[in-house]
Amino acid sequence: MCNRYRIEVQFDELWHAARPHRDMTNRAHPTTEVFPDKLGPVIRNNADGERELVNLTWGMPSPPSVTNGRPDYGVTNIRNLSSPHWRGWTGVNNRCLVPWTAFCEYEDTRPKKTARWFAIDDEQPLAFFAGIWTPWKGARGSMKNPRNGEHELFAFLTCEANALVKPIHANAMPVILTEPAEIELWLTAEWKDSKALQRPFSAERMKLLPVETTQESLLL
């Protein structure tokens with residue numbers, strides 16, 4: 001599933017799309033390529049009910065039965081929100097928007113897999129994944145290099161793959177939000193209403209970008 005994406009925008013673009021009241025990242029250009037267990041920008045509601053742009057670590061807490069006391073690398077993509085482990089984070093206070101301009105899936109080619117990038121169109125405009133976040137205390141990372149302490153973590157929802165994504169990754173795709181009404185619904189509505197957003201984005205409204213010949217492929 002999607003474990004790599006890009007965000008290449010000006011802060012003004014984020015402000016117009018998601019209306020954060022303040023920027024806690026101190027970056028006028030929140031441009032980056034995000035990988036699991038690394039920082040990525042998200043928009044969330046803070047304790048005062050204001051929206052803020054913050055950098056959180058990608059990967060929500062794994063179930064304790066998975067980590068068994070070991071450092072946690074985190075869960076980047078979440079689908080079954082009816083699971084007891086996830087449903088406590090479906091409320092408005094734990095929802096966020098994850099900005100992106102392109103996301104990657106790996107095509108099962110030989111001898112190496114090929115990185116394929118999806119975007120809304122060739123211009124790669126700003127869009128959002130429907131995300132959730134939480135504060136968490138414990139050890140992140142690997143047994144060799146654990147990071148103990150307090151962390152703020154996020155991940156985004158997935159759903160059934162649409163016709164464009166399915167030939168590359170058959171099992172799932174991120175939950176994509178582009179319309180102002182969808183953004184408001186995700187950040188403000190009760191779960192019984194906002195959960196309808198966990199659906200495949202229209203394949204006709206997305207683009208599979210050409211293979212980047214200078215991009216390194218992932219070894220099998």
# chains A, B, ... in the order shown; residues from 1 in each chain; ligands from 1
$ residues_around --residues "region 45-59 of chain A" --least-positions-apart "2" --cutoff "7 Å" --atoms "only C-alpha atoms" --output "MDAnalysis selection string"
chainID A and resid 20:25 36:43 61 73:76 93 152:155
$ write_last_selection --atoms "N, CA, C and O atoms" --output "CSV table (one decimal), in the first residue's frame"
chain,number,residue,atom,x,y,z
A,20,PRO,N,-6.1,26.6,7.6
A,20,PRO,CA,-5.4,26.5,8.9
A,20,PRO,C,-5.2,27.9,9.5
A,20,PRO,O,-4.9,28.9,8.8
A,21,HIS,N,-5.4,28.1,10.8
A,21,HIS,CA,-5.3,29.4,11.4
A,21,HIS,C,-3.8,29.7,11.7
A,21,HIS,O,-3.5,30.9,11.8
A,22,ARG,N,-3.0,28.7,11.8
A,22,ARG,CA,-1.6,29.0,12.1
A,22,ARG,C,-0.7,27.9,11.6
A,22,ARG,O,-1.2,26.7,11.4
A,23,ASP,N,0.5,28.2,11.3
A,23,ASP,CA,1.5,27.3,10.8
A,23,ASP,C,2.6,27.0,11.9
A,23,ASP,O,3.3,27.9,12.3
A,24,MET,N,2.5,25.7,12.4
A,24,MET,CA,3.5,25.3,13.4
A,24,MET,C,4.8,24.7,12.8
A,24,MET,O,5.6,24.3,13.6
A,25,THR,N,4.8,24.6,11.5
A,25,THR,CA,6.0,24.0,10.9
A,25,THR,C,7.1,25.0,10.6
A,25,THR,O,8.2,24.7,10.3
A,36,PRO,N,7.5,6.4,5.6
A,36,PRO,CA,7.1,5.9,6.9
A,36,PRO,C,8.0,6.2,8.0
A,36,PRO,O,9.2,6.2,7.9
A,37,ASP,N,7.4,6.6,9.2
A,37,ASP,CA,8.2,6.9,10.4
A,37,ASP,C,9.0,8.2,10.3
A,37,ASP,O,9.9,8.4,11.1
A,38,LYS,N,8.7,9.0,9.3
A,38,LYS,CA,9.3,10.3,9.1
A,38,LYS,C,8.2,11.4,9.2
A,38,LYS,O,7.0,11.1,9.2
A,39,LEU,N,8.7,12.6,9.4
A,39,LEU,CA,7.7,13.7,9.5
A,39,LEU,C,7.0,14.1,8.2
A,39,LEU,O,7.6,14.0,7.2
A,40,GLY,N,5.8,14.4,8.4
A,40,GLY,CA,5.0,14.9,7.2
A,40,GLY,C,4.0,16.0,7.7
A,40,GLY,O,3.5,15.9,8.9
A,41,PRO,N,3.7,17.0,6.9
A,41,PRO,CA,2.8,18.0,7.3
A,41,PRO,C,1.3,17.6,7.3
A,41,PRO,O,0.9,16.9,6.3
A,42,VAL,N,0.5,17.9,8.3
A,42,VAL,CA,-0.9,17.7,8.3
A,42,VAL,C,-1.6,18.9,8.9
A,42,VAL,O,-1.0,19.7,9.6
A,43,ILE,N,-2.9,19.0,8.6
A,43,ILE,CA,-3.8,20.0,9.1
A,43,ILE,C,-4.7,19.3,10.1
A,43,ILE,O,-5.4,18.4,9.7
A,61,PRO,N,0.0,4.2,16.0
A,61,PRO,CA,0.5,3.1,16.9
A,61,PRO,C,-0.1,1.7,16.4
A,61,PRO,O,-1.2,1.5,16.1
A,73,TYR,N,7.2,0.7,14.6
A,73,TYR,CA,7.5,1.4,13.3
A,73,TYR,C,6.2,2.1,12.8
A,73,TYR,O,6.3,3.0,12.0
A,74,GLY,N,5.1,1.7,13.3
A,74,GLY,CA,3.8,2.4,13.0
A,74,GLY,C,3.0,1.8,11.8
A,74,GLY,O,3.6,1.0,11.0
A,75,VAL,N,1.7,2.1,11.8
A,75,VAL,CA,0.8,1.7,10.7
A,75,VAL,C,0.5,2.9,9.9
A,75,VAL,O,-0.1,3.8,10.3
A,76,THR,N,0.9,2.9,8.6
A,76,THR,CA,0.8,4.0,7.7
A,76,THR,C,-0.6,4.2,7.1
A,76,THR,O,-1.0,5.2,6.7
A,93,ASN,N,-11.7,15.2,17.0
A,93,ASN,CA,-10.5,15.6,17.6
A,93,ASN,C,-9.3,14.8,17.1
A,93,ASN,O,-8.1,15.3,17.3
A,152,GLU,N,3.8,12.5,18.3
A,152,GLU,CA,2.5,12.8,17.7
A,152,GLU,C,2.5,12.1,16.3
A,152,GLU,O,3.4,12.4,15.5
A,153,LEU,N,1.5,11.2,16.1
A,153,LEU,CA,1.6,10.3,15.0
A,153,LEU,C,0.3,10.5,14.1
A,153,LEU,O,-0.7,10.9,14.6
A,154,PHE,N,0.5,10.1,12.8
A,154,PHE,CA,-0.7,10.2,11.9
A,154,PHE,C,-0.6,9.0,10.9
A,154,PHE,O,0.4,8.4,10.7
A,155,ALA,N,-1.7,8.8,10.3
A,155,ALA,CA,-1.8,7.9,9.2
A,155,ALA,C,-3.0,8.3,8.3
A,155,ALA,O,-3.8,9.2,8.7
$ select_by_dssp --residues "region 22-213 of chain A" --states "strand (DSSP E)" --output "NGL selection string"
:A and (22-23 or 32-34 or 39-45 or 51-58 or 77-78 or 95-100 or 102-107 or 114-119 or 127-141 or 146-159 or 173-174 or 176-177 or 207-208)
$ closest_residue --among "A:Glu8, A:Asn3, A:Ile183, A:Ala203" --to "Leu97 (chain A)" --atoms "only C-alpha atoms"
A:Ile183
$ closest_residue --among "A:Glu179, A:Glu184, A:Asp122, A:Glu33" --to "Pro210 (chain A)" --atoms "only C-alpha atoms"
A:Asp122
$ closest_residue --among "A:Glu105, A:Asp12, A:Asp121, A:Glu190" --to "Thr90 (chain A)" --atoms "only C-alpha atoms"
A:Glu190
